[in-house]
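File shown: work23.pdb (PDB, C-alpha atoms and all ligand atoms).
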```pdb
ATOM      1  CA  MET A 107       0.000   0.000   0.000  1.00  0.00           C
ATOM      2  CA  ASN A 108       1.306   3.417  -0.921  1.00  0.00           C
ATOM      3  CA  VAL A 109       0.457   6.526   1.031  1.00  0.00           C
ATOM      4  CA  HIS A 110       1.385  10.033  -0.003  1.00  0.00           C
ATOM      5  CA  ILE A 111       1.417  12.767   2.583  1.00  0.00           C
ATOM      6  CA  LEU A 112       1.964  16.370   1.670  1.00  0.00           C
ATOM      7  CA  TYR A 113       3.462  18.953   4.022  1.00  0.00           C
ATOM      8  CA  HIS A 114       2.174  22.330   2.988  1.00  0.00           C
ATOM      9  CA  GLY A 115       2.490  25.811   4.457  1.00  0.00           C
ATOM     10  CA  LEU A 116       4.029  29.227   4.049  1.00  0.00           C
ATOM     11  CA  GLY A 117       7.634  29.564   2.953  1.00  0.00           C
ATOM     12  CA  MET A 118       9.919  29.033   5.975  1.00  0.00           C
ATOM     13  CA  ALA A 119       7.081  27.560   8.047  1.00  0.00           C
ATOM     14  CA  GLY A 120       9.175  24.491   8.868  1.00  0.00           C
ATOM     15  CA  LYS A 121       8.115  21.879   6.286  1.00  0.00           C
ATOM     16  CA  THR A 122      11.620  20.696   5.437  1.00  0.00           C
ATOM     17  CA  THR A 123      12.534  20.672   9.132  1.00  0.00           C
ATOM     18  CA  ASN A 124       9.687  18.209   9.777  1.00  0.00           C
ATOM     19  CA  LEU A 125      11.064  15.787   7.195  1.00  0.00           C
ATOM     20  CA  GLU A 126      14.621  16.169   8.468  1.00  0.00           C
ATOM     21  CA  LYS A 127      13.511  15.370  12.020  1.00  0.00           C
ATOM     22  CA  LEU A 128      11.408  12.401  10.926  1.00  0.00           C
ATOM     23  CA  LYS A 129      14.464  11.030   9.188  1.00  0.00           C
ATOM     24  CA  GLU A 130      16.293  11.195  12.534  1.00  0.00           C
ATOM     25  CA  ILE A 131      13.376   9.762  14.508  1.00  0.00           C
ATOM     26  CA  TYR A 132      12.770   6.806  12.150  1.00  0.00           C
ATOM     27  CA  PRO A 133      16.229   6.109  10.722  1.00  0.00           C
ATOM     28  CA  GLY A 134      15.564   2.402  10.303  1.00  0.00           C
ATOM     29  CA  TYR A 135      12.492   3.023   8.176  1.00  0.00           C
ATOM     30  CA  VAL A 136      13.897   5.424   5.646  1.00  0.00           C
ATOM     31  CA  SER A 137      13.863   3.685   2.312  1.00  0.00           C
ATOM     32  CA  ASP A 138      14.626   6.588   0.076  1.00  0.00           C
ATOM     33  CA  ARG A 139      15.309  10.231   0.099  1.00  0.00           C
ATOM     34  CA  VAL A 140      15.190  12.599  -2.804  1.00  0.00           C
ATOM     35  CA  HIS A 141      17.617  15.322  -2.091  1.00  0.00           C
ATOM     36  CA  GLN A 142      16.337  18.759  -2.263  1.00  0.00           C
ATOM     37  CA  LYS A 143      17.979  21.393  -4.321  1.00  0.00           C
ATOM     38  CA  THR A 144      18.299  24.370  -2.112  1.00  0.00           C
ATOM     39  CA  LYS A 145      19.364  27.905  -2.456  1.00  0.00           C
ATOM     40  CA  GLU A 146      20.149  29.483   0.902  1.00  0.00           C
ATOM     41  CA  ASP A 147      18.193  26.684   2.581  1.00  0.00           C
ATOM     42  CA  ARG A 148      14.946  27.394   0.804  1.00  0.00           C
ATOM     43  CA  THR A 149      13.289  24.501  -0.955  1.00  0.00           C
ATOM     44  CA  VAL A 150      13.246  25.414  -4.603  1.00  0.00           C
ATOM     45  CA  TYR A 151      12.489  21.993  -6.007  1.00  0.00           C
ATOM     46  CA  ILE A 152      10.972  19.373  -3.722  1.00  0.00           C
ATOM     47  CA  ASP A 153      11.768  17.411  -0.596  1.00  0.00           C
ATOM     48  CA  MET A 154      10.763  13.802  -0.435  1.00  0.00           C
ATOM     49  CA  LEU A 155      11.211  11.282   2.325  1.00  0.00           C
ATOM     50  CA  ALA A 156      10.081   7.686   1.862  1.00  0.00           C
ATOM     51  CA  LEU A 157       9.363   5.563   4.928  1.00  0.00           C
ATOM     52  CA  ASN A 158       8.521   1.898   4.933  1.00  0.00           C
ATOM     53  CA  ILE A 159       6.412   0.885   7.905  1.00  0.00           C
ATOM     54  CA  LYS A 160       4.382  -2.155   8.894  1.00  0.00           C
ATOM     55  CA  THR A 161       0.881  -1.631  10.226  1.00  0.00           C
ATOM     56  CA  ARG A 162       0.211  -2.548  13.827  1.00  0.00           C
ATOM     57  CA  SER A 163      -1.350  -5.837  12.859  1.00  0.00           C
ATOM     58  CA  GLY A 164       1.855  -6.478  10.949  1.00  0.00           C
ATOM     59  CA  ASP A 165       0.049  -7.890   7.951  1.00  0.00           C
ATOM     60  CA  LYS A 166       0.535  -5.015   5.647  1.00  0.00           C
ATOM     61  CA  GLU A 167       3.478  -2.969   4.518  1.00  0.00           C
ATOM     62  CA  VAL A 168       2.839   0.695   4.108  1.00  0.00           C
ATOM     63  CA  ASN A 169       5.113   2.694   1.877  1.00  0.00           C
ATOM     64  CA  ILE A 170       4.817   6.260   2.947  1.00  0.00           C
ATOM     65  CA  SER A 171       6.052   9.099   0.828  1.00  0.00           C
ATOM     66  CA  LEU A 172       6.269  12.456   2.499  1.00  0.00           C
ATOM     67  CA  PHE A 173       6.866  15.544   0.485  1.00  0.00           C
ATOM     68  CA  THR A 174       6.771  19.288   0.819  1.00  0.00           C
ATOM     69  CA  THR A 175       5.207  21.753  -1.552  1.00  0.00           C
ATOM     70  CA  PRO A 176       7.458  23.149  -4.184  1.00  0.00           C
ATOM     71  CA  GLY A 177       6.812  26.829  -3.907  1.00  0.00           C
ATOM     72  CA  GLN A 178       8.013  28.144  -7.196  1.00  0.00           C
ATOM     73  CA  GLU A 179       5.558  29.188  -9.837  1.00  0.00           C
ATOM     74  CA  ARG A 180       7.485  27.299 -12.479  1.00  0.00           C
ATOM     75  CA  PHE A 181       6.633  24.045 -10.739  1.00  0.00           C
ATOM     76  CA  ARG A 182       2.939  24.558 -11.231  1.00  0.00           C
ATOM     77  CA  LEU A 183       2.599  21.526 -13.485  1.00  0.00           C
ATOM     78  CA  LEU A 184       4.542  19.333 -11.116  1.00  0.00           C
ATOM     79  CA  ARG A 185       2.329  20.531  -8.310  1.00  0.00           C
ATOM     80  CA  SER A 186      -0.896  19.575 -10.000  1.00  0.00           C
ATOM     81  CA  TRP A 187       0.523  16.152 -10.782  1.00  0.00           C
ATOM     82  CA  LEU A 188       1.751  15.668  -7.222  1.00  0.00           C
ATOM     83  CA  PHE A 189      -1.430  16.864  -5.626  1.00  0.00           C
ATOM     84  CA  GLY A 190      -3.446  14.359  -7.616  1.00  0.00           C
ATOM     85  CA  GLN A 191      -1.688  11.639  -5.606  1.00  0.00           C
ATOM     86  CA  VAL A 192      -2.122  13.082  -2.132  1.00  0.00           C
ATOM     87  CA  ASN A 193      -3.833  10.923   0.531  1.00  0.00           C
ATOM     88  CA  GLY A 194      -3.295  13.244   3.469  1.00  0.00           C
ATOM     89  CA  MET A 195      -1.988  16.666   4.304  1.00  0.00           C
ATOM     90  CA  VAL A 196      -0.144  18.315   7.150  1.00  0.00           C
ATOM     91  CA  PHE A 197      -0.603  22.048   7.094  1.00  0.00           C
ATOM     92  CA  VAL A 198       2.409  23.579   8.836  1.00  0.00           C
ATOM     93  CA  PHE A 199       1.055  26.746  10.373  1.00  0.00           C
ATOM     94  CA  ASP A 200       3.754  29.345  11.079  1.00  0.00           C
ATOM     95  CA  SER A 201       2.780  30.757  14.478  1.00  0.00           C
ATOM     96  CA  THR A 202       5.017  33.771  13.904  1.00  0.00           C
ATOM     97  CA  ARG A 203       2.950  34.929  10.911  1.00  0.00           C
ATOM     98  CA  SER A 204      -0.620  36.195  10.785  1.00  0.00           C
ATOM     99  CA  ILE A 205      -3.718  34.059  10.424  1.00  0.00           C
ATOM    100  CA  GLU A 206      -4.393  35.804   7.102  1.00  0.00           C
ATOM    101  CA  GLU A 207      -1.006  34.940   5.620  1.00  0.00           C
ATOM    102  CA  ASN A 208      -1.256  31.341   6.746  1.00  0.00           C
ATOM    103  CA  MET A 209      -4.810  31.072   5.424  1.00  0.00           C
ATOM    104  CA  ARG A 210      -3.705  32.367   2.070  1.00  0.00           C
ATOM    105  CA  ALA A 211      -1.209  29.514   1.845  1.00  0.00           C
ATOM    106  CA  TYR A 212      -3.852  27.054   2.977  1.00  0.00           C
ATOM    107  CA  GLU A 213      -6.343  28.255   0.401  1.00  0.00           C
ATOM    108  CA  GLU A 214      -3.826  27.990  -2.435  1.00  0.00           C
ATOM    109  CA  LEU A 215      -4.672  24.327  -2.370  1.00  0.00           C
ATOM    110  CA  LYS A 216      -8.372  24.763  -3.024  1.00  0.00           C
ATOM    111  CA  GLN A 217      -7.890  24.653  -6.773  1.00  0.00           C
ATOM    112  CA  TYR A 218      -6.379  21.200  -6.378  1.00  0.00           C
ATOM    113  CA  ARG A 219      -9.443  19.802  -4.600  1.00  0.00           C
ATOM    114  CA  LEU A 220      -7.404  18.813  -1.580  1.00  0.00           C
ATOM    115  CA  SER A 221      -9.969  20.064   0.895  1.00  0.00           C
ATOM    116  CA  LYS A 222     -11.412  16.560   1.243  1.00  0.00           C
ATOM    117  CA  VAL A 223      -8.215  14.731   2.129  1.00  0.00           C
ATOM    118  CA  PRO A 224      -7.535  14.074   5.823  1.00  0.00           C
ATOM    119  CA  THR A 225      -5.681  17.060   7.215  1.00  0.00           C
ATOM    120  CA  VAL A 226      -3.796  17.753  10.420  1.00  0.00           C
ATOM    121  CA  ILE A 227      -2.772  21.276  11.385  1.00  0.00           C
ATOM    122  CA  GLN A 228       0.652  21.650  12.958  1.00  0.00           C
ATOM    123  CA  ALA A 229       0.993  24.905  14.906  1.00  0.00           C
ATOM    124  CA  ASN A 230       4.746  25.285  14.548  1.00  0.00           C
ATOM    125  CA  LYS A 231       7.326  27.630  16.087  1.00  0.00           C
ATOM    126  CA  ARG A 232       5.636  27.582  19.465  1.00  0.00           C
ATOM    127  CA  ASP A 233       8.997  28.549  21.010  1.00  0.00           C
ATOM    128  CA  VAL A 234       9.032  31.998  19.455  1.00  0.00           C
ATOM    129  CA  LYS A 235       8.131  34.911  21.687  1.00  0.00           C
ATOM    130  CA  GLY A 236       4.968  36.636  20.501  1.00  0.00           C
ATOM    131  CA  ALA A 237       3.711  33.549  18.660  1.00  0.00           C
ATOM    132  CA  LEU A 238      -0.028  33.628  17.939  1.00  0.00           C
ATOM    133  CA  PRO A 239      -2.091  32.178  20.790  1.00  0.00           C
ATOM    134  CA  LEU A 240      -3.027  28.565  20.154  1.00  0.00           C
ATOM    135  CA  THR A 241      -6.721  29.301  20.667  1.00  0.00           C
ATOM    136  CA  VAL A 242      -6.679  31.721  17.725  1.00  0.00           C
ATOM    137  CA  ILE A 243      -5.217  29.026  15.496  1.00  0.00           C
ATOM    138  CA  GLN A 244      -7.698  26.439  16.763  1.00  0.00           C
ATOM    139  CA  GLN A 245     -10.584  28.798  16.015  1.00  0.00           C
ATOM    140  CA  ALA A 246      -9.342  29.388  12.473  1.00  0.00           C
ATOM    141  CA  PHE A 247      -9.149  25.623  11.911  1.00  0.00           C
ATOM    142  CA  ASN A 248     -12.277  24.631  13.742  1.00  0.00           C
ATOM    143  CA  GLY A 249     -12.916  20.909  13.422  1.00  0.00           C
ATOM    144  CA  TYR A 250      -9.321  19.980  12.639  1.00  0.00           C
ATOM    145  CA  THR A 251      -6.757  18.408  14.908  1.00  0.00           C
ATOM    146  CA  VAL A 252      -4.194  21.061  15.849  1.00  0.00           C
ATOM    147  CA  VAL A 253      -0.823  19.831  17.134  1.00  0.00           C
ATOM    148  CA  GLU A 254       1.644  22.177  18.817  1.00  0.00           C
ATOM    149  CA  ALA A 255       5.222  21.881  17.613  1.00  0.00           C
ATOM    150  CA  VAL A 256       8.729  23.206  17.749  1.00  0.00           C
ATOM    151  CA  ALA A 257       9.894  21.371  14.670  1.00  0.00           C
ATOM    152  CA  SER A 258      13.463  22.659  14.902  1.00  0.00           C
ATOM    153  CA  ALA A 259      13.708  20.980  18.321  1.00  0.00           C
ATOM    154  CA  GLY A 260      11.894  17.854  17.122  1.00  0.00           C
ATOM    155  CA  ILE A 261       8.920  18.594  19.364  1.00  0.00           C
ATOM    156  CA  GLY A 262       5.515  17.562  18.009  1.00  0.00           C
ATOM    157  CA  VAL A 263       7.006  16.232  14.772  1.00  0.00           C
ATOM    158  CA  ALA A 264       6.426  12.522  15.406  1.00  0.00           C
ATOM    159  CA  GLU A 265       3.034  13.240  16.961  1.00  0.00           C
ATOM    160  CA  THR A 266       1.911  15.146  13.864  1.00  0.00           C
ATOM    161  CA  PHE A 267       3.108  12.336  11.626  1.00  0.00           C
ATOM    162  CA  ARG A 268       1.391   9.618  13.672  1.00  0.00           C
ATOM    163  CA  LEU A 269      -1.896  11.541  13.694  1.00  0.00           C
ATOM    164  CA  ILE A 270      -1.988  12.156   9.956  1.00  0.00           C
ATOM    165  CA  LEU A 271      -0.991   8.558   9.233  1.00  0.00           C
ATOM    166  CA  LYS A 272      -3.773   7.316  11.483  1.00  0.00           C
ATOM    167  CA  GLU A 273      -6.329   9.533   9.764  1.00  0.00           C
ATOM    168  CA  VAL A 274      -5.156   8.443   6.322  1.00  0.00           C
ATOM    169  CA  LEU A 275      -5.225   4.743   7.194  1.00  0.00           C
ATOM    170  CA  ASN A 276      -8.686   5.110   8.751  1.00  0.00           C
ATOM    171  CA  ALA A 277      -9.927   6.911   5.643  1.00  0.00           C
ATOM    172  CA  THR A 278      -8.576   4.264   3.278  1.00  0.00           C
ATOM    173  CA  ALA A 279      -9.960   1.455   5.455  1.00  0.00           C
ATOM    174  CA  SER A 280     -13.453   2.942   5.495  1.00  0.00           C
ATOM    175  CA  ALA A 281     -13.324   3.592   1.742  1.00  0.00           C
ATOM    176  CA  ARG A 282     -12.961  -0.108   1.119  1.00  0.00           C
TER     177      ARG A 282
HETATM  178  N1  LIG A 301      12.258  29.085  16.195  1.00  0.00           N
HETATM  179  C1  LIG A 301      11.877  28.095  15.398  1.00  0.00           C
HETATM  180  N2  LIG A 301      12.404  27.996  14.180  1.00  0.00           N
HETATM  181  C2  LIG A 301      11.985  26.976  13.397  1.00  0.00           C
HETATM  182  C3  LIG A 301      11.037  26.023  13.841  1.00  0.00           C
HETATM  183  N3  LIG A 301      10.849  25.137  12.846  1.00  0.00           N
HETATM  184  C4  LIG A 301      11.650  25.505  11.840  1.00  0.00           C
HETATM  185  N4  LIG A 301      12.351  26.615  12.148  1.00  0.00           N
HETATM  186  C5  LIG A 301      13.339  27.332  11.325  1.00  0.00           C
HETATM  187  O1  LIG A 301      12.673  28.009  10.270  1.00  0.00           O
HETATM  188  C6  LIG A 301      13.503  28.052   9.108  1.00  0.00           C
HETATM  189  C7  LIG A 301      12.753  27.518   7.899  1.00  0.00           C
HETATM  190  O2  LIG A 301      12.511  26.144   8.080  1.00  0.00           O
HETATM  191  P1  LIG A 301      12.311  25.167   6.823  1.00  0.00           P
HETATM  192  O3  LIG A 301      12.000  23.821   7.379  1.00  0.00           O
HETATM  193  O4  LIG A 301      13.432  25.277   5.889  1.00  0.00           O
HETATM  194  O5  LIG A 301      11.010  25.805   6.189  1.00  0.00           O
HETATM  195  P2  LIG A 301      10.242  25.386   4.852  1.00  0.00           P
HETATM  196  O6  LIG A 301       8.797  25.420   5.183  1.00  0.00           O
HETATM  197  O7  LIG A 301      10.777  24.107   4.318  1.00  0.00           O
HETATM  198  O8  LIG A 301      10.606  26.610   3.886  1.00  0.00           O
HETATM  199  P3  LIG A 301      10.573  26.679   2.267  1.00  0.00           P
HETATM  200  O9  LIG A 301      11.166  25.399   1.760  1.00  0.00           O
HETATM  201  O10 LIG A 301      11.374  27.848   1.925  1.00  0.00           O
HETATM  202  O11 LIG A 301       9.126  26.811   1.898  1.00  0.00           O
HETATM  203  C8  LIG A 301      14.752  27.245   9.446  1.00  0.00           C
HETATM  204  O12 LIG A 301      15.771  28.152   9.838  1.00  0.00           O
HETATM  205  C9  LIG A 301      14.313  26.392  10.626  1.00  0.00           C
HETATM  206  O13 LIG A 301      15.369  26.034  11.470  1.00  0.00           O
HETATM  207  C10 LIG A 301      10.491  26.178  15.161  1.00  0.00           C
HETATM  208  O14 LIG A 301       9.644  25.422  15.633  1.00  0.00           O
HETATM  209  N5  LIG A 301      10.945  27.230  15.877  1.00  0.00           N
HETATM  210 MG    MG A 302      11.622  23.648   2.561  1.00  0.00          MG
END
```
In structure tokens, what does this structure look like?
Amino acid sequence: MNVHILYHGLGMAGKTTNLEKLKEIYPGYVSDRVHQKTKEDRTVYIDMLALNIKTRSGDKEVNISLFTTPGQERFRLLRSWLFGQVNGMVFVFDSTRSIEENMRAYEELKQYRLSKVPTVIQANKRDVKGALPLTVIQQAFNGYTVVEAVASAGIGVAETFRLILKEVLNATASAR
């Protein structure tokens, strides 16, 4: 079974950091890694991390591909192809930016009909002074699971991943 999970969010929200930390947390499960091409640490192409995990019952292998949104306009075609394959999404909310800016990034995805895929909101950068109050973020994403994180410190990263994986596996099980 193949599962594709997209990490989306504003530029510099912490998407790549999530994948880097997951690679450290699950080193034995990493089956492949597409190296990103970066310019001053910004993702200009795409990050991809492939994990190979067995379900709890142990009867099924799940190949999980995690990737982050390529931001550049010139990757528009790639984006629409990628998004067609998405089974779940983590929206990395940058707590140091406004609700409006974050929402704009979130709504970029509407044209790709991703609003129906299971989604988990990660409120990232909770360590930064003056970060938006969690309640404000929860209100903006009413009905979604919101996980607090400090991705750069590895906090909340595994929790976010486990929650989205659970939602995706539940959704695929009930679709059958
Ligand atoms: N203070 C703080 N910094 C963070 C946190 N998470 C990530 N960062 C930092 O934010 C910067 C951007 O992180 P990236 O993971 O590269 O962000 P990105 O979303 O992949 O950015 P683009 O690829 O440019 O869209 C890096 O310097 C990270 O170390 C956090 O929880 N707290
Ligand atoms: Mg990146």
Subject >> Among listed residues A:Phe199, A:Ala259, A:Gly249, A:Leu215, nearest Ala237 in chain A (using only C-alpha atoms) >> reply: A:Phe199
Report as CSV: every residue of chain A with an atom at most 7 Å from ligand LIG 301 (chain A), its closest pair of atoms, and their distance in Å to one decimal, counting all atoms listed in the file, with rows sorted by chain and ascending residue number.
```
residue,atom,partner,partner_atom,distance
A:Gly115,CA,A:LIG301,O6,6.4
A:Leu116,CA,A:LIG301,O11,6.0
A:Gly117,CA,A:LIG301,O11,3.3
A:Met118,CA,A:LIG301,O8,3.3
A:Ala119,CA,A:LIG301,O6,4.0
A:Gly120,CA,A:LIG301,O3,3.3
A:Lys121,CA,A:LIG301,O6,3.8
A:Thr122,CA,A:LIG301,O7,3.7
A:Thr123,CA,A:LIG301,O3,3.6
A:Asn124,CA,A:LIG301,O3,6.5
A:Asp147,CA,A:LIG301,O4,6.0
A:Arg148,CA,A:LIG301,O10,3.8
A:Thr149,CA,A:LIG301,O9,3.6
A:Val150,CA,A:LIG301,O9,6.7
A:Gly177,CA,A:LIG301,O11,6.2
A:Asn230,CA,A:LIG301,O14,5.0
A:Lys231,CA,A:LIG301,O14,3.2
A:Arg232,CA,A:LIG301,O14,6.0
A:Asp233,CA,A:LIG301,N5,5.6
A:Val234,CA,A:LIG301,N1,5.4
A:Ala255,CA,A:LIG301,O14,6.0
A:Val256,CA,A:LIG301,O14,3.2
A:Ala257,CA,A:LIG301,O14,4.2
A:Ser258,CA,A:LIG301,N3,4.1
A:Ala259,CA,A:LIG301,O14,6.6
```
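Applied to the shown file, the PyMOL selection byres (((chain A and resi 275) around 10) and not hetatm) selects the residues Val109, Thr161, Val168, Asn193, Gly194, Pro224, Leu269, Ile270, Leu271, Lys272, Glu273, Val274, Asn276, Ala277, Thr278, Ala279, Ser280 and Ala281 of chain A.
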Decode the PyMOL selection byres (((chain A and resi 137) around 12) and not hetatm) for the given file into explicit residues and return them as a PDB file with C-alpha atoms, in the frame of the given file.
```pdb
ATOM      1  CA  LYS A 129      14.464  11.030   9.188  1.00  0.00           C
ATOM      2  CA  TYR A 132      12.770   6.806  12.150  1.00  0.00           C
ATOM      3  CA  PRO A 133      16.229   6.109  10.722  1.00  0.00           C
ATOM      4  CA  GLY A 134      15.564   2.402  10.303  1.00  0.00           C
ATOM      5  CA  TYR A 135      12.492   3.023   8.176  1.00  0.00           C
ATOM      6  CA  VAL A 136      13.897   5.424   5.646  1.00  0.00           C
ATOM      7  CA  ASP A 138      14.626   6.588   0.076  1.00  0.00           C
ATOM      8  CA  ARG A 139      15.309  10.231   0.099  1.00  0.00           C
ATOM      9  CA  VAL A 140      15.190  12.599  -2.804  1.00  0.00           C
ATOM     10  CA  MET A 154      10.763  13.802  -0.435  1.00  0.00           C
ATOM     11  CA  LEU A 155      11.211  11.282   2.325  1.00  0.00           C
ATOM     12  CA  ALA A 156      10.081   7.686   1.862  1.00  0.00           C
ATOM     13  CA  LEU A 157       9.363   5.563   4.928  1.00  0.00           C
ATOM     14  CA  ASN A 158       8.521   1.898   4.933  1.00  0.00           C
ATOM     15  CA  ILE A 159       6.412   0.885   7.905  1.00  0.00           C
ATOM     16  CA  VAL A 168       2.839   0.695   4.108  1.00  0.00           C
ATOM     17  CA  ASN A 169       5.113   2.694   1.877  1.00  0.00           C
ATOM     18  CA  ILE A 170       4.817   6.260   2.947  1.00  0.00           C
ATOM     19  CA  SER A 171       6.052   9.099   0.828  1.00  0.00           C
ATOM     20  CA  LEU A 172       6.269  12.456   2.499  1.00  0.00           C
TER      21      LEU A 172
END
```
Original post:
Can you tell me how far CA of Thr174 in chain A sits from CA of Leu188 in chain A, in Å to one decimal?
Top reply: 10.1 Å
**OP:** For each of A:Ala211, A:Lys222, A:Thr251, A:Glu167, take the minimum atom-to-atom distance to Asn108 in chain A, counting all atoms listed in the file, then give the residue where this is smallest.
**Re:**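 Residue with the minimum atom-to-atom distance to Asn108 in chain A: A:Glu167.
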Subject >> Non-local contacts of Val226 in chain A (7 Å; all atoms listed in the file; under 5 positions in same chain excluded) as a list of chain:residue names >> reply: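 The contact residues come out as A:Met195, A:Val196, A:Phe197, A:Tyr250, A:Thr251, A:Val252, A:Ile270.
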Original post:
Could you state the separation of CA of Gly260 in chain A and CA of Lys127 in chain A in Å, given to one decimal place?
Top reply: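 Between these atoms lies a distance of 5.9 Å.
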**OP:** Might you spell out which residues the PyMOL selection byres (((chain A and resi 219) around 12) and not hetatm) would select in the displayed file, as a PyMOL selection string?
**Re:** chain A and resi 186+189-193+212-218+220-223
Subject >> A:His110, A:Arg268, A:Val198, A:Glu130 ranked by distance to ligand MG 302 (chain A), top pick (using all atoms listed in the file) >> reply: A:Val198
Coords for range 200-256 of chain A, C-alpha atoms, as a PDB file, in the first residue's frame:
```pdb
ATOM      1  CA  ASP A 200       3.754  29.345  11.079  1.00  0.00           C
ATOM      2  CA  SER A 201       2.780  30.757  14.478  1.00  0.00           C
ATOM      3  CA  THR A 202       5.017  33.771  13.904  1.00  0.00           C
ATOM      4  CA  ARG A 203       2.950  34.929  10.911  1.00  0.00           C
ATOM      5  CA  SER A 204      -0.620  36.195  10.785  1.00  0.00           C
ATOM      6  CA  ILE A 205      -3.718  34.059  10.424  1.00  0.00           C
ATOM      7  CA  GLU A 206      -4.393  35.804   7.102  1.00  0.00           C
ATOM      8  CA  GLU A 207      -1.006  34.940   5.620  1.00  0.00           C
ATOM      9  CA  ASN A 208      -1.256  31.341   6.746  1.00  0.00           C
ATOM     10  CA  MET A 209      -4.810  31.072   5.424  1.00  0.00           C
ATOM     11  CA  ARG A 210      -3.705  32.367   2.070  1.00  0.00           C
ATOM     12  CA  ALA A 211      -1.209  29.514   1.845  1.00  0.00           C
ATOM     13  CA  TYR A 212      -3.852  27.054   2.977  1.00  0.00           C
ATOM     14  CA  GLU A 213      -6.343  28.255   0.401  1.00  0.00           C
ATOM     15  CA  GLU A 214      -3.826  27.990  -2.435  1.00  0.00           C
ATOM     16  CA  LEU A 215      -4.672  24.327  -2.370  1.00  0.00           C
ATOM     17  CA  LYS A 216      -8.372  24.763  -3.024  1.00  0.00           C
ATOM     18  CA  GLN A 217      -7.890  24.653  -6.773  1.00  0.00           C
ATOM     19  CA  TYR A 218      -6.379  21.200  -6.378  1.00  0.00           C
ATOM     20  CA  ARG A 219      -9.443  19.802  -4.600  1.00  0.00           C
ATOM     21  CA  LEU A 220      -7.404  18.813  -1.580  1.00  0.00           C
ATOM     22  CA  SER A 221      -9.969  20.064   0.895  1.00  0.00           C
ATOM     23  CA  LYS A 222     -11.412  16.560   1.243  1.00  0.00           C
ATOM     24  CA  VAL A 223      -8.215  14.731   2.129  1.00  0.00           C
ATOM     25  CA  PRO A 224      -7.535  14.074   5.823  1.00  0.00           C
ATOM     26  CA  THR A 225      -5.681  17.060   7.215  1.00  0.00           C
ATOM     27  CA  VAL A 226      -3.796  17.753  10.420  1.00  0.00           C
ATOM     28  CA  ILE A 227      -2.772  21.276  11.385  1.00  0.00           C
ATOM     29  CA  GLN A 228       0.652  21.650  12.958  1.00  0.00           C
ATOM     30  CA  ALA A 229       0.993  24.905  14.906  1.00  0.00           C
ATOM     31  CA  ASN A 230       4.746  25.285  14.548  1.00  0.00           C
ATOM     32  CA  LYS A 231       7.326  27.630  16.087  1.00  0.00           C
ATOM     33  CA  ARG A 232       5.636  27.582  19.465  1.00  0.00           C
ATOM     34  CA  ASP A 233       8.997  28.549  21.010  1.00  0.00           C
ATOM     35  CA  VAL A 234       9.032  31.998  19.455  1.00  0.00           C
ATOM     36  CA  LYS A 235       8.131  34.911  21.687  1.00  0.00           C
ATOM     37  CA  GLY A 236       4.968  36.636  20.501  1.00  0.00           C
ATOM     38  CA  ALA A 237       3.711  33.549  18.660  1.00  0.00           C
ATOM     39  CA  LEU A 238      -0.028  33.628  17.939  1.00  0.00           C
ATOM     40  CA  PRO A 239      -2.091  32.178  20.790  1.00  0.00           C
ATOM     41  CA  LEU A 240      -3.027  28.565  20.154  1.00  0.00           C
ATOM     42  CA  THR A 241      -6.721  29.301  20.667  1.00  0.00           C
ATOM     43  CA  VAL A 242      -6.679  31.721  17.725  1.00  0.00           C
ATOM     44  CA  ILE A 243      -5.217  29.026  15.496  1.00  0.00           C
ATOM     45  CA  GLN A 244      -7.698  26.439  16.763  1.00  0.00           C
ATOM     46  CA  GLN A 245     -10.584  28.798  16.015  1.00  0.00           C
ATOM     47  CA  ALA A 246      -9.342  29.388  12.473  1.00  0.00           C
ATOM     48  CA  PHE A 247      -9.149  25.623  11.911  1.00  0.00           C
ATOM     49  CA  ASN A 248     -12.277  24.631  13.742  1.00  0.00           C
ATOM     50  CA  GLY A 249     -12.916  20.909  13.422  1.00  0.00           C
ATOM     51  CA  TYR A 250      -9.321  19.980  12.639  1.00  0.00           C
ATOM     52  CA  THR A 251      -6.757  18.408  14.908  1.00  0.00           C
ATOM     53  CA  VAL A 252      -4.194  21.061  15.849  1.00  0.00           C
ATOM     54  CA  VAL A 253      -0.823  19.831  17.134  1.00  0.00           C
ATOM     55  CA  GLU A 254       1.644  22.177  18.817  1.00  0.00           C
ATOM     56  CA  ALA A 255       5.222  21.881  17.613  1.00  0.00           C
ATOM     57  CA  VAL A 256       8.729  23.206  17.749  1.00  0.00           C
TER      58      VAL A 256
END
```
